[in-house]
>>> print(open('final-v9.cif').read())   # mmCIF, C-alpha atoms
data_model
loop_
_atom_site.label_atom_id
_atom_site.label_comp_id
_atom_site.auth_asym_id
_atom_site.auth_seq_id
_atom_site.Cartn_x
_atom_site.Cartn_y
_atom_site.Cartn_z
CA MET A 1291 81.16 74.50 179.58
CA ASP A 1292 84.61 73.01 180.05
CA GLY A 1293 86.14 75.42 177.58
CA VAL A 1294 89.44 77.24 177.26
CA HIS A 1295 87.83 80.40 178.62
CA ASP A 1296 88.09 78.74 182.06
CA LEU A 1297 91.64 79.89 182.43
CA GLY A 1298 92.30 80.03 186.18
CA GLY A 1299 95.52 78.23 187.03
CA MET A 1300 96.36 77.23 183.46
CA GLN A 1301 99.99 77.49 182.48
CA GLY A 1302 101.93 78.44 179.37
CA PHE A 1303 100.50 81.91 178.74
CA GLY A 1304 103.63 83.98 179.20
CA PRO A 1305 103.99 87.40 180.80
CA VAL A 1306 101.22 89.87 181.47
CA VAL A 1307 101.72 92.98 179.35
CA PRO A 1308 100.86 95.98 181.55
CA SER A 1309 99.41 99.12 180.00
CA GLY A 1310 99.62 102.73 181.07
CA PRO A 1311 96.92 104.62 182.92
CA ASP A 1312 95.91 106.43 179.74
CA GLU A 1313 94.85 103.35 177.83
CA PRO A 1314 91.53 104.39 176.22
CA PRO A 1315 88.46 102.26 176.92
CA PHE A 1316 88.10 101.44 173.22
CA PRO A 1317 91.49 101.61 171.47
CA GLU A 1318 89.76 100.88 168.13
CA ARG A 1319 86.58 102.78 167.35
CA TRP A 1320 84.79 99.62 166.18
CA GLU A 1321 85.27 98.09 169.65
CA GLY A 1322 83.16 100.79 171.28
CA ARG A 1323 80.49 100.31 168.59
CA VAL A 1324 80.43 96.56 169.37
CA HIS A 1325 80.10 97.26 173.10
CA GLY A 1326 77.23 99.63 172.34
CA MET A 1327 75.55 97.10 170.05
CA MET A 1328 75.85 94.37 172.68
CA LEU A 1329 73.89 96.54 175.08
CA GLY A 1330 71.51 97.75 172.40
CA VAL A 1331 70.39 94.30 171.28
CA HIS A 1332 69.63 93.41 174.89
CA LEU A 1333 67.59 96.59 175.37
CA SER A 1334 65.59 95.94 172.21
CA GLY A 1335 64.84 92.37 173.24
CA ALA A 1336 66.54 90.99 170.14
CA VAL A 1337 68.61 88.55 172.17
CA ARG A 1338 67.96 86.31 175.16
CA GLY A 1339 69.32 87.44 178.52
CA GLY A 1340 71.99 85.21 180.05
CA THR A 1341 73.30 83.96 176.70
CA PHE A 1342 76.12 86.44 176.13
CA ARG A 1343 78.88 84.66 178.05
CA PRO A 1344 77.76 81.24 176.76
CA ALA A 1345 77.92 82.62 173.23
CA ILE A 1346 81.52 83.72 173.73
CA GLU A 1347 82.36 80.38 175.31
CA GLY A 1348 80.89 78.57 172.32
CA MET A 1349 83.09 80.27 169.75
CA GLY A 1350 85.64 77.47 169.53
CA ALA A 1351 88.84 77.04 171.53
CA ILE A 1352 91.33 78.00 168.82
CA ALA A 1353 89.34 81.04 167.73
CA TYR A 1354 88.95 82.14 171.36
CA LEU A 1355 92.68 82.05 172.04
CA THR A 1356 93.73 83.66 168.77
CA THR A 1357 91.30 86.59 168.55
CA THR A 1358 90.95 89.75 170.58
CA TYR A 1359 88.50 90.52 173.34
CA TYR A 1360 86.06 92.56 171.29
CA GLU A 1361 86.27 90.03 168.46
CA HIS A 1362 84.83 87.63 171.06
CA TRP A 1363 82.02 90.12 171.67
CA LEU A 1364 81.40 90.54 167.94
CA HIS A 1365 81.09 86.79 167.55
CA ALA A 1366 78.78 86.53 170.54
CA VAL A 1367 76.42 89.31 169.44
CA GLU A 1368 76.02 87.69 166.01
CA ALA A 1369 75.52 84.26 167.60
CA MET A 1370 72.84 85.51 169.99
CA LEU A 1371 70.99 87.28 167.18
CA ALA A 1372 71.12 84.15 165.04
CA GLU A 1373 69.78 82.07 167.96
CA THR A 1374 66.66 84.22 168.31
CA GLY A 1375 66.39 84.71 164.56
CA ALA A 1376 66.45 88.49 164.93
CA LEU A 1377 69.35 88.75 162.48
CA THR A 1378 71.03 86.02 160.46
CA ALA A 1379 74.65 85.61 159.44
CA SER A 1380 73.72 85.96 155.79
CA GLU A 1381 72.01 89.26 156.51
CA VAL A 1382 75.23 90.48 158.10
CA ASP A 1383 77.19 89.09 155.11
CA ALA A 1384 74.99 91.13 152.77
CA ALA A 1385 75.56 94.24 154.86
CA GLU A 1386 79.30 93.56 154.82
CA ALA A 1387 79.33 93.58 151.02
CA ARG A 1388 77.71 97.01 151.13
CA VAL A 1389 80.26 98.29 153.63
CA VAL A 1390 83.12 97.00 151.49
CA ALA A 1391 81.57 98.76 148.50
CA GLY A 1392 81.86 101.99 150.45
CA GLU A 1393 78.24 102.60 151.36
CA ALA A 1394 77.82 105.28 154.02
CA PRO A 1395 76.69 104.11 157.48
CA ALA A 1396 72.97 104.16 158.21
CA VAL A 1397 71.76 106.33 161.06
CA ARG A 1398 68.77 105.80 163.32
CA SER A 1399 67.99 108.13 166.14
CA ASP A 1400 66.01 107.11 169.22
CA PRO A 1401 66.47 109.61 172.04
CA GLY A 1402 64.45 107.49 174.46
CA THR A 1403 66.83 104.54 174.15
CA ALA A 1404 69.88 106.79 174.35
CA GLU A 1405 68.56 108.16 177.65
CA VAL A 1406 67.92 104.62 178.91
CA VAL A 1407 71.56 103.77 178.14
CA ARG A 1408 72.78 106.79 180.11
CA SER A 1409 70.47 105.94 183.00
CA LEU A 1410 71.93 102.44 183.26
CA PHE A 1411 75.08 103.93 184.71
CA ARG A 1412 73.42 105.71 187.59
CA PRO A 1413 72.73 104.11 190.95
CA GLY A 1414 69.43 102.31 191.23
CA PRO A 1415 67.20 102.30 194.29
CA ALA A 1416 68.61 100.42 197.29
CA ARG A 1417 66.81 97.15 197.68
CA GLU A 1418 66.44 94.59 200.40
CA GLU A 1419 67.99 91.37 199.24
CA GLU A 1420 67.48 87.90 200.59
CA THR A 1421 70.55 86.16 201.89
CA GLY A 1422 71.25 82.76 203.33
CA GLY A 1423 70.91 79.11 202.53
CA ARG A 1424 72.53 75.93 203.72
CA PHE A 1425 75.82 77.52 204.77
CA GLU A 1426 77.08 80.12 207.19
CA ILE A 1427 80.31 82.07 207.55
CA GLY A 1428 83.07 79.76 208.74
CA ASP A 1429 81.56 76.57 207.31
CA ARG A 1430 83.92 74.29 205.41
CA VAL A 1431 82.35 73.45 202.05
CA ARG A 1432 83.35 71.19 199.21
CA VAL A 1433 82.81 72.17 195.60
CA ARG A 1434 81.09 69.69 193.28
CA ASN A 1435 83.48 67.81 191.03
CA SER A 1436 81.36 67.03 187.99
CA PHE A 1437 79.63 69.55 185.79
CA GLY A 1438 77.56 69.11 182.67
CA PRO A 1439 78.03 70.50 179.19
CA GLY A 1440 76.25 73.80 179.73
CA HIS A 1441 77.38 77.19 180.96
CA THR A 1442 78.71 77.37 184.49
CA ARG A 1443 80.33 80.02 186.63
CA CYS A 1444 82.17 77.40 188.71
CA PRO A 1445 85.81 77.47 187.59
CA ARG A 1446 87.60 74.13 187.10
CA TYR A 1447 90.42 75.08 189.45
CA VAL A 1448 88.16 74.80 192.54
CA ARG A 1449 86.05 71.81 191.56
CA GLY A 1450 86.25 69.04 194.12
CA ARG A 1451 88.18 71.34 196.49
CA THR A 1452 87.35 72.37 200.03
CA GLY A 1453 87.18 75.97 201.16
CA VAL A 1454 85.63 78.11 203.88
CA VAL A 1455 82.59 80.38 203.62
CA GLU A 1456 83.92 83.91 204.03
CA ARG A 1457 80.74 85.84 203.22
CA VAL A 1458 77.09 85.08 202.47
CA LEU A 1459 76.09 87.00 199.34
CA PRO A 1460 72.61 88.02 198.18
CA THR A 1461 70.50 85.21 196.75
CA SER A 1462 70.32 85.66 192.99
CA PRO A 1463 69.53 83.78 189.78
CA VAL A 1464 72.32 81.30 189.12
CA LEU A 1465 73.84 82.11 185.73
CA ASP A 1466 74.25 78.42 184.87
CA ALA A 1467 70.45 78.06 184.80
CA LEU A 1468 69.79 81.43 183.19
CA ALA A 1469 71.83 80.33 180.19
CA GLU A 1470 69.22 77.62 179.64
CA GLY A 1471 66.34 80.05 180.07
CA GLU A 1472 65.59 79.12 183.68
CA LEU A 1473 65.25 81.76 186.40
CA ARG A 1474 66.48 79.96 189.52
CA PRO A 1475 67.43 82.15 192.50
CA GLU A 1476 69.98 80.49 194.73
CA PRO A 1477 72.00 81.47 197.78
CA CYS A 1478 75.52 82.55 196.85
CA TYR A 1479 78.71 82.57 198.90
CA THR A 1480 82.27 83.87 198.82
CA ILE A 1481 84.38 80.78 199.46
CA THR A 1482 88.04 81.19 200.39
CA PHE A 1483 90.56 78.54 199.38
CA ALA A 1484 94.18 78.19 200.46
CA ALA A 1485 96.18 78.22 197.21
CA ARG A 1486 98.28 75.32 198.50
CA ASP A 1487 95.06 73.27 198.55
CA LEU A 1488 94.56 74.03 194.84
CA TRP A 1489 98.05 73.56 193.38
CA ALA A 1490 101.26 71.79 194.44
CA ASP A 1491 103.61 74.59 193.37
CA PRO A 1492 106.27 75.19 196.05
CA GLY A 1493 105.76 78.01 198.51
CA LEU A 1494 102.12 78.93 197.81
CA ASP A 1495 101.02 81.14 200.69
CA HIS A 1496 98.09 83.13 199.29
CA THR A 1497 94.33 82.62 199.34
CA VAL A 1498 91.86 82.67 196.48
CA ALA A 1499 88.22 83.66 197.00
CA VAL A 1500 85.64 82.48 194.49
CA ASP A 1501 81.94 83.37 194.51
CA LEU A 1502 79.86 80.22 194.10
CA TRP A 1503 76.15 79.51 194.09
CA GLU A 1504 74.67 76.78 196.26
CA SER A 1505 74.26 74.32 193.36
CA HIS A 1506 78.02 74.54 192.79
CA LEU A 1507 78.58 73.10 196.25
CA ALA A 1508 78.39 69.48 197.29
CA MET B 1152 91.61 106.65 146.86
CA THR B 1153 88.72 104.41 145.91
CA GLU B 1154 86.14 103.22 148.37
CA ASN B 1155 87.43 99.67 147.94
CA HIS B 1156 90.94 100.78 148.82
CA ARG B 1157 89.63 102.39 151.98
CA ALA B 1158 87.77 99.20 152.82
CA ARG B 1159 90.94 97.12 152.38
CA GLU B 1160 92.64 99.25 155.05
CA LYS B 1161 90.05 98.18 157.58
CA SER B 1162 90.56 95.01 159.57
CA ALA B 1163 88.19 92.10 159.14
CA ALA B 1164 86.76 92.80 162.58
CA GLN B 1165 86.16 96.46 161.80
CA LEU B 1166 84.37 95.58 158.55
CA ARG B 1167 82.22 93.01 160.34
CA ALA B 1168 81.38 95.46 163.14
CA GLU B 1169 80.35 98.10 160.61
CA ALA B 1170 78.27 95.54 158.75
CA LEU B 1171 76.58 94.45 161.98
CA GLU B 1172 75.76 98.03 162.88
CA LEU B 1173 74.34 98.69 159.40
CA ALA B 1174 72.16 95.58 159.54
CA LEU B 1175 70.97 96.23 163.11
CA ILE B 1176 70.19 99.88 162.38
CA GLU B 1177 68.16 99.02 159.27
CA LYS B 1178 66.17 96.44 161.21
CA GLY B 1179 65.51 98.91 164.01
CA LEU B 1180 67.21 96.69 166.58
CA VAL B 1181 69.68 99.34 167.77
CA SER B 1182 69.92 103.09 167.40
CA THR B 1183 72.94 105.16 166.49
CA ASP B 1184 72.56 107.49 169.43
CA GLY B 1185 72.05 104.51 171.75
CA ILE B 1186 75.45 103.18 170.73
CA ASP B 1187 76.91 106.69 170.90
CA ALA B 1188 75.58 107.06 174.45
CA LEU B 1189 77.34 103.88 175.60
CA VAL B 1190 80.64 104.90 174.01
CA ASP B 1191 80.34 108.41 175.41
CA THR B 1192 79.59 107.07 178.90
CA PHE B 1193 82.80 105.07 179.01
CA GLU B 1194 84.90 107.70 177.27
CA HIS B 1195 83.76 110.61 179.43
CA THR B 1196 81.58 109.76 182.40
CA VAL B 1197 82.54 106.55 184.13
CA GLY B 1198 86.10 105.54 184.76
CA PRO B 1199 88.65 104.96 187.52
CA GLN B 1200 88.31 108.57 188.65
CA ASN B 1201 85.04 107.43 190.27
CA GLY B 1202 86.66 104.67 192.31
CA ALA B 1203 89.50 107.03 193.18
CA ARG B 1204 86.99 109.49 194.68
CA MET B 1205 85.58 106.71 196.85
CA VAL B 1206 89.04 105.71 198.07
CA ALA B 1207 90.03 109.30 198.81
CA ARG B 1208 86.78 109.87 200.71
CA ALA B 1209 87.45 106.73 202.76
CA TRP B 1210 90.93 107.98 203.59
CA VAL B 1211 89.73 111.33 204.95
CA ASP B 1212 86.42 110.26 206.49
CA PRO B 1213 86.55 107.24 208.83
CA ALA B 1214 82.74 106.96 208.90
CA TYR B 1215 82.64 106.78 205.08
CA ARG B 1216 85.40 104.15 205.20
CA GLU B 1217 83.27 102.01 207.51
CA ARG B 1218 80.26 102.40 205.24
CA LEU B 1219 82.42 101.56 202.22
CA LEU B 1220 83.69 98.35 203.80
CA ALA B 1221 80.22 97.34 205.02
CA ASP B 1222 78.21 98.27 201.90
CA ALA B 1223 80.28 99.47 198.97
CA THR B 1224 77.22 99.65 196.71
CA GLY B 1225 75.60 102.17 199.06
CA ALA B 1226 78.86 104.05 199.52
CA ALA B 1227 79.23 104.36 195.75
CA ALA B 1228 75.65 105.58 195.44
CA GLU B 1229 76.34 108.32 198.03
CA LEU B 1230 78.80 109.79 195.51
CA GLY B 1231 76.42 109.26 192.59
CA TYR B 1232 78.07 106.12 191.24
CA GLY B 1233 76.30 102.90 190.40
CA GLY B 1234 74.35 100.96 187.83
CA LEU B 1235 75.28 98.26 185.35
CA GLU B 1236 77.97 95.90 186.69
CA GLY B 1237 78.03 97.87 189.93
CA GLU B 1238 74.82 96.62 191.52
CA HIS B 1239 76.79 94.46 193.96
CA LEU B 1240 80.07 96.04 195.01
CA ARG B 1241 82.50 95.01 197.70
CA ALA B 1242 85.50 97.02 198.81
CA VAL B 1243 88.48 95.05 200.13
CA GLU B 1244 91.06 96.98 202.07
CA ASN B 1245 94.84 96.67 201.87
CA THR B 1246 96.66 96.84 205.21
CA ASP B 1247 100.25 96.43 206.30
CA THR B 1248 99.65 92.66 206.44
CA VAL B 1249 97.14 92.11 203.62
CA HIS B 1250 97.24 92.88 199.89
CA ASN B 1251 94.20 92.27 197.71
CA VAL B 1252 94.08 91.65 193.96
CA VAL B 1253 91.01 91.14 191.76
CA VAL B 1254 90.47 89.04 188.64
CA CYS B 1255 87.73 87.43 186.59
CA THR B 1256 89.31 84.17 185.47
CA LEU B 1257 86.26 83.17 183.39
CA CYS B 1258 85.83 86.35 181.38
CA SER B 1259 86.40 90.01 182.37
CA CYS B 1260 83.87 90.98 185.04
CA TYR B 1261 84.79 94.40 186.40
CA PRO B 1262 82.99 97.14 188.35
CA TRP B 1263 82.18 99.34 185.33
CA PRO B 1264 80.47 102.25 187.11
CA ILE B 1265 83.43 102.90 189.38
CA LEU B 1266 86.41 101.78 187.31
CA GLY B 1267 85.16 102.03 183.71
CA ILE B 1268 86.29 99.54 181.06
CA PRO B 1269 89.00 97.12 182.19
CA PRO B 1270 92.46 97.38 180.63
CA VAL B 1271 93.34 94.91 177.87
CA TRP B 1272 95.69 92.92 180.13
CA TYR B 1273 92.91 92.32 182.67
CA LYS B 1274 90.76 90.70 179.95
CA SER B 1275 93.58 88.63 178.44
CA PRO B 1276 94.61 85.02 179.13
CA PRO B 1277 97.97 85.61 180.86
CA TYR B 1278 96.48 87.63 183.73
CA ARG B 1279 93.33 85.57 184.06
CA ALA B 1280 95.28 82.29 184.10
CA ARG B 1281 98.21 83.29 186.29
CA VAL B 1282 97.15 85.75 188.99
CA VAL B 1283 95.12 83.15 190.94
CA ARG B 1284 98.07 80.74 190.95
CA GLU B 1285 101.20 82.95 191.09
CA PRO B 1286 100.09 86.43 192.20
CA ARG B 1287 103.53 87.54 193.40
CA ALA B 1288 105.08 86.82 190.01
CA VAL B 1289 102.25 88.66 188.24
CA LEU B 1290 102.56 91.65 190.58
CA ALA B 1291 106.30 91.71 189.91
CA GLU B 1292 105.50 92.12 186.19
CA PHE B 1293 103.79 95.36 187.20
CA GLY B 1294 106.86 96.37 189.19
CA THR B 1295 105.05 95.64 192.45
CA THR B 1296 106.96 93.87 195.19
CA LEU B 1297 105.27 93.29 198.49
CA PRO B 1298 107.05 93.63 201.82
CA ASP B 1299 107.71 90.45 203.80
CA GLY B 1300 104.83 89.30 205.91
CA VAL B 1301 102.13 90.63 203.57
CA GLU B 1302 99.51 88.01 202.77
CA ILE B 1303 97.94 88.11 199.29
CA ARG B 1304 94.20 87.58 198.82
CA VAL B 1305 93.01 87.03 195.26
CA TRP B 1306 89.31 87.65 194.54
CA ASP B 1307 87.80 85.89 191.49
CA SER B 1308 84.64 87.72 190.37
CA SER B 1309 82.79 84.58 189.37
CA ALA B 1310 79.24 85.58 190.34
CA ASP B 1311 77.50 88.96 190.78
CA MET B 1312 79.88 90.67 193.19
CA ARG B 1313 82.34 93.21 191.74
CA TYR B 1314 85.41 94.14 193.72
CA LEU B 1315 87.27 97.37 194.49
CA VAL B 1316 90.65 97.26 196.21
CA VAL B 1317 91.17 100.11 198.68
CA PRO B 1318 94.90 100.81 198.71
CA GLU B 1319 96.71 102.14 201.77
CA ARG B 1320 96.97 105.90 202.04
CA PRO B 1321 100.40 107.08 200.82
CA PRO B 1322 102.84 107.97 203.59
CA GLY B 1323 103.35 111.72 203.92
CA SER B 1324 99.91 112.58 202.53
CA GLU B 1325 98.42 113.77 205.80
CA ASP B 1326 98.08 117.36 204.52
CA TRP B 1327 96.70 116.49 201.10
CA ASP B 1328 93.18 117.51 200.20
CA GLU B 1329 90.70 115.02 198.78
CA ASP B 1330 91.44 116.01 195.16
CA ALA B 1331 95.14 115.38 195.62
CA LEU B 1332 94.45 112.08 197.33
CA ALA B 1333 92.09 110.96 194.56
CA ALA B 1334 94.71 111.88 191.96
CA ALA B 1335 97.14 109.47 193.65
CA VAL B 1336 94.78 106.49 193.32
CA THR B 1337 95.18 104.65 190.03
CA ARG B 1338 93.23 101.97 188.22
CA ASP B 1339 96.07 99.56 188.97
CA HIS B 1340 95.80 100.29 192.72
CA MET B 1341 92.08 99.54 192.65
CA ILE B 1342 92.55 96.25 190.77
CA GLY B 1343 95.41 95.38 193.11
CA VAL B 1344 98.37 95.06 190.77
CA ALA B 1345 99.90 98.19 192.28
CA ARG B 1346 100.34 98.76 195.99
#
>>> encode(input="final-v9.cif", output="structure tokens")
Amino acid sequence: MDGVHDLGGMQGFGPVVPSGPDEPPFPERWEGRVHGMMLGVHLSGAVRGGTFRPAIEGMGAIAYLTTTYYEHWLHAVEAMLAETGALTASEVDAAEARVVAGEAPAVRSDPGTAEVVRSLFRPGPAREEETGGRFEIGDRVRVRNSFGPGHTRCPRYVRGRTGVVERVLPTSPVLDALAEGELRPEPCYTITFAARDLWADPGLDHTVAVDLWESHLA
Amino acid sequence: MTENHRAREKSAAQLRAEALELALIEKGLVSTDGIDALVDTFEHTVGPQNGARMVARAWVDPAYRERLLADATGAAAELGYGGLEGEHLRAVENTDTVHNVVVCTLCSCYPWPILGIPPVWYKSPPYRARVVREPRAVLAEFGTTLPDGVEIRVWDSSADMRYLVVPERPPGSEDWDEDALAAAVTRDHMIGVAR
């Protein structure tokens, strides 16, 4: 989707605001709960895999730019649940009225799922992965220039540009297709671009590497 | 203080998040301890201390450094690190002529198992928009100035690969043990906004 989330190279955003090393992962408690719920609804099969980023991207340009990161996640979780029908907006509205009225939180314990969550953050078994497609390290490749309305992981700032294959990555399902419910493994590559080939700003002397699937390439 | 007064002190997002949790719990679609486990993992188990251990190990053990650069996923697993958003890791090494910096321009992709949750600035528009186009200016906003002759490589995590920057070992640290070395490696080093 050609949305505002595709920020690479855009101007007008002002300074980065650094934070100290002690910034907590979830500065507001509700943010951690939303992160946990995002994972939980995937584990319970209530939402369709591959639709989380598209759901954020679909939240509307103005809303995206004027709300916080975990507000994006909150929107996306609700949108994904509404898409599958597992939970509707009006059901959440009804729950909100109860929260506002001061009702105590509900609790549901499921030790099996809690252990699954913990196990997700341990290394999995090493696996042989397929690599390789049309291109090899050192090949000059051009990125496609036109994309459709759906989700894509090809940023606008490299479309139509030429770069060099720096690494061949494991073949994997392209996220563009997964968003539409299609499992389509494709070769993937790290492509390096000279920044001066991307923008005409004076004095650009750095490189930018972007990981692109084969269907992103011309 | 009435319950309604307490509710008015909560932000709209907090109220909505609490409502979502209530509705999901009652429908059996999430569990309280499942959410607690995720929060607890990021608050206590995974974080930049994991990546720092990998960097320190690479500094003291040249064979580990080679394994880290060839297969960072396997090198992380050797130390017990891995899993969600760390299934495909690549370590990129700073040298006296190269400085690496990592971004996800499209969202916030980040190697969770070895660096934890990304800082707010990493996930926000200014960094995501600007670091691919003007990395020196962005690094300067972190107080980082690179010596002359150092080339910058920016890595945009647009697919499955998640990146770890391996900073250069601090000068004068030859006698430090691994714990002291790990303590010197920060989140900002491993993203690449500090050198």
>>> closest_residue(input="final-v9.cif", among="B:Thr1192, B:Asn1251, B:Thr1183, B:Thr1224", to="Met1341 of chain B", atoms="all atoms listed in the file")
B:Asn1251
>>> interface_residues(input="final-v9.cif", of="chain B", to="chain A", cutoff="6 Å", atoms="all atoms listed in the file", output="NGL selection string")
:B and (1154-1155 or 1158 or 1165 or 1170-1171 or 1173-1174 or 1180-1186 or 1188-1190 or 1228 or 1232-1235 or 1256-1257 or 1268 or 1277-1278 or 1280-1281 or 1284 or 1303-1307 or 1309-1310)
>>> residues_near_point(input="final-v9.cif", point="(63.5, 86.2, 198.9)", cutoff="10 Å", atoms="all atoms listed in the file", output="PyMOL selection string")
chain A and resi 1418-1422+1460-1462+1475-1477
>>> residues_around(input="final-v9.cif", residues="Val1206 of chain B", least_positions_apart="2", cutoff="12 Å", atoms="all atoms listed in the file", output="ChimeraX atom specification")
/B:1199-1204,1208-1213,1215-1220,1223,1226-1227,1230,1242-1245,1265-1266,1315-1321,1329-1338,1340-1341
>>> atom_distance(input="final-v9.cif", atom1="atom CA of Cys1258 of chain B", atom2="atom CA of Asp1222 of chain B")
24.9 Å
>>> resolve_selection(input="final-v9.cif", expression="the PyMOL selection byres ((chain A and resi 1425) around 9)", output="PyMOL selection string")
chain A and resi 1422-1424+1426-1431+1455+1458+1477+1479+1504
>>> resolve_selection(input="final-v9.cif", expression="the PyMOL selection byres ((chain B and resi 1345) around 8)", output="list of chain:residue names")
B:Leu1290, B:Phe1293, B:Gly1294, B:Thr1295, B:Asp1339, B:His1340, B:Met1341, B:Ile1342, B:Gly1343, B:Val1344, B:Arg1346
>>> decode(input="final-v9.cif", residues="segment 1297-1303 of chain A", atoms="all heavy atoms", output="PDB file, in the first residue's frame")
ATOM      1  N   LEU A1297       7.948   5.475   4.993  1.00  0.00           N
ATOM      2  CA  LEU A1297       8.529   6.756   5.360  1.00  0.00           C
ATOM      3  C   LEU A1297       9.936   7.009   4.836  1.00  0.00           C
ATOM      4  O   LEU A1297      10.418   8.129   4.918  1.00  0.00           O
ATOM      5  CB  LEU A1297       8.571   6.852   6.897  1.00  0.00           C
ATOM      6  CG  LEU A1297       7.233   7.120   7.583  1.00  0.00           C
ATOM      7  CD1 LEU A1297       7.315   6.770   9.062  1.00  0.00           C
ATOM      8  CD2 LEU A1297       6.818   8.571   7.416  1.00  0.00           C
ATOM      9  N   GLY A1298      10.620   5.981   4.329  1.00  0.00           N
ATOM     10  CA  GLY A1298      12.030   6.138   3.986  1.00  0.00           C
ATOM     11  C   GLY A1298      12.280   7.290   3.032  1.00  0.00           C
ATOM     12  O   GLY A1298      11.729   7.312   1.935  1.00  0.00           O
ATOM     13  N   GLY A1299      13.113   8.222   3.439  1.00  0.00           N
ATOM     14  CA  GLY A1299      13.479   9.342   2.583  1.00  0.00           C
ATOM     15  C   GLY A1299      12.534  10.528   2.630  1.00  0.00           C
ATOM     16  O   GLY A1299      12.838  11.576   2.050  1.00  0.00           O
ATOM     17  N   MET A1300      11.403  10.386   3.305  1.00  0.00           N
ATOM     18  CA  MET A1300      10.468  11.515   3.372  1.00  0.00           C
ATOM     19  C   MET A1300      11.043  12.616   4.256  1.00  0.00           C
ATOM     20  O   MET A1300      11.794  12.358   5.197  1.00  0.00           O
ATOM     21  CB  MET A1300       9.112  11.068   3.905  1.00  0.00           C
ATOM     22  CG  MET A1300       8.277  10.374   2.838  1.00  0.00           C
ATOM     23  SD  MET A1300       6.751   9.672   3.476  1.00  0.00           S
ATOM     24  CE  MET A1300       5.829  11.135   3.869  1.00  0.00           C
ATOM     25  N   GLN A1301      10.660  13.834   3.943  1.00  0.00           N
ATOM     26  CA  GLN A1301      11.214  14.981   4.647  1.00  0.00           C
ATOM     27  C   GLN A1301      10.159  15.675   5.490  1.00  0.00           C
ATOM     28  O   GLN A1301       8.969  15.449   5.321  1.00  0.00           O
ATOM     29  CB  GLN A1301      11.799  15.971   3.616  1.00  0.00           C
ATOM     30  CG  GLN A1301      12.968  15.366   2.846  1.00  0.00           C
ATOM     31  CD  GLN A1301      13.477  16.292   1.758  1.00  0.00           C
ATOM     32  OE1 GLN A1301      12.773  16.551   0.777  1.00  0.00           O
ATOM     33  NE2 GLN A1301      14.684  16.797   1.931  1.00  0.00           N
ATOM     34  N   GLY A1302      10.620  16.536   6.392  1.00  0.00           N
ATOM     35  CA  GLY A1302       9.690  17.368   7.162  1.00  0.00           C
ATOM     36  C   GLY A1302       9.360  16.815   8.534  1.00  0.00           C
ATOM     37  O   GLY A1302       8.470  17.340   9.205  1.00  0.00           O
ATOM     38  N   PHE A1303      10.085  15.759   8.981  1.00  0.00           N
ATOM     39  CA  PHE A1303       9.717  15.168  10.267  1.00  0.00           C
ATOM     40  C   PHE A1303      10.484  15.694  11.469  1.00  0.00           C
ATOM     41  O   PHE A1303      10.237  15.273  12.580  1.00  0.00           O
ATOM     42  CB  PHE A1303       9.847  13.635  10.192  1.00  0.00           C
ATOM     43  CG  PHE A1303       8.709  13.016   9.442  1.00  0.00           C
ATOM     44  CD1 PHE A1303       8.851  12.614   8.123  1.00  0.00           C
ATOM     45  CD2 PHE A1303       7.469  12.883  10.040  1.00  0.00           C
ATOM     46  CE1 PHE A1303       7.779  12.074   7.421  1.00  0.00           C
ATOM     47  CE2 PHE A1303       6.389  12.326   9.347  1.00  0.00           C
ATOM     48  CZ  PHE A1303       6.551  11.935   8.032  1.00  0.00           C
TER      49      PHE A1303
END
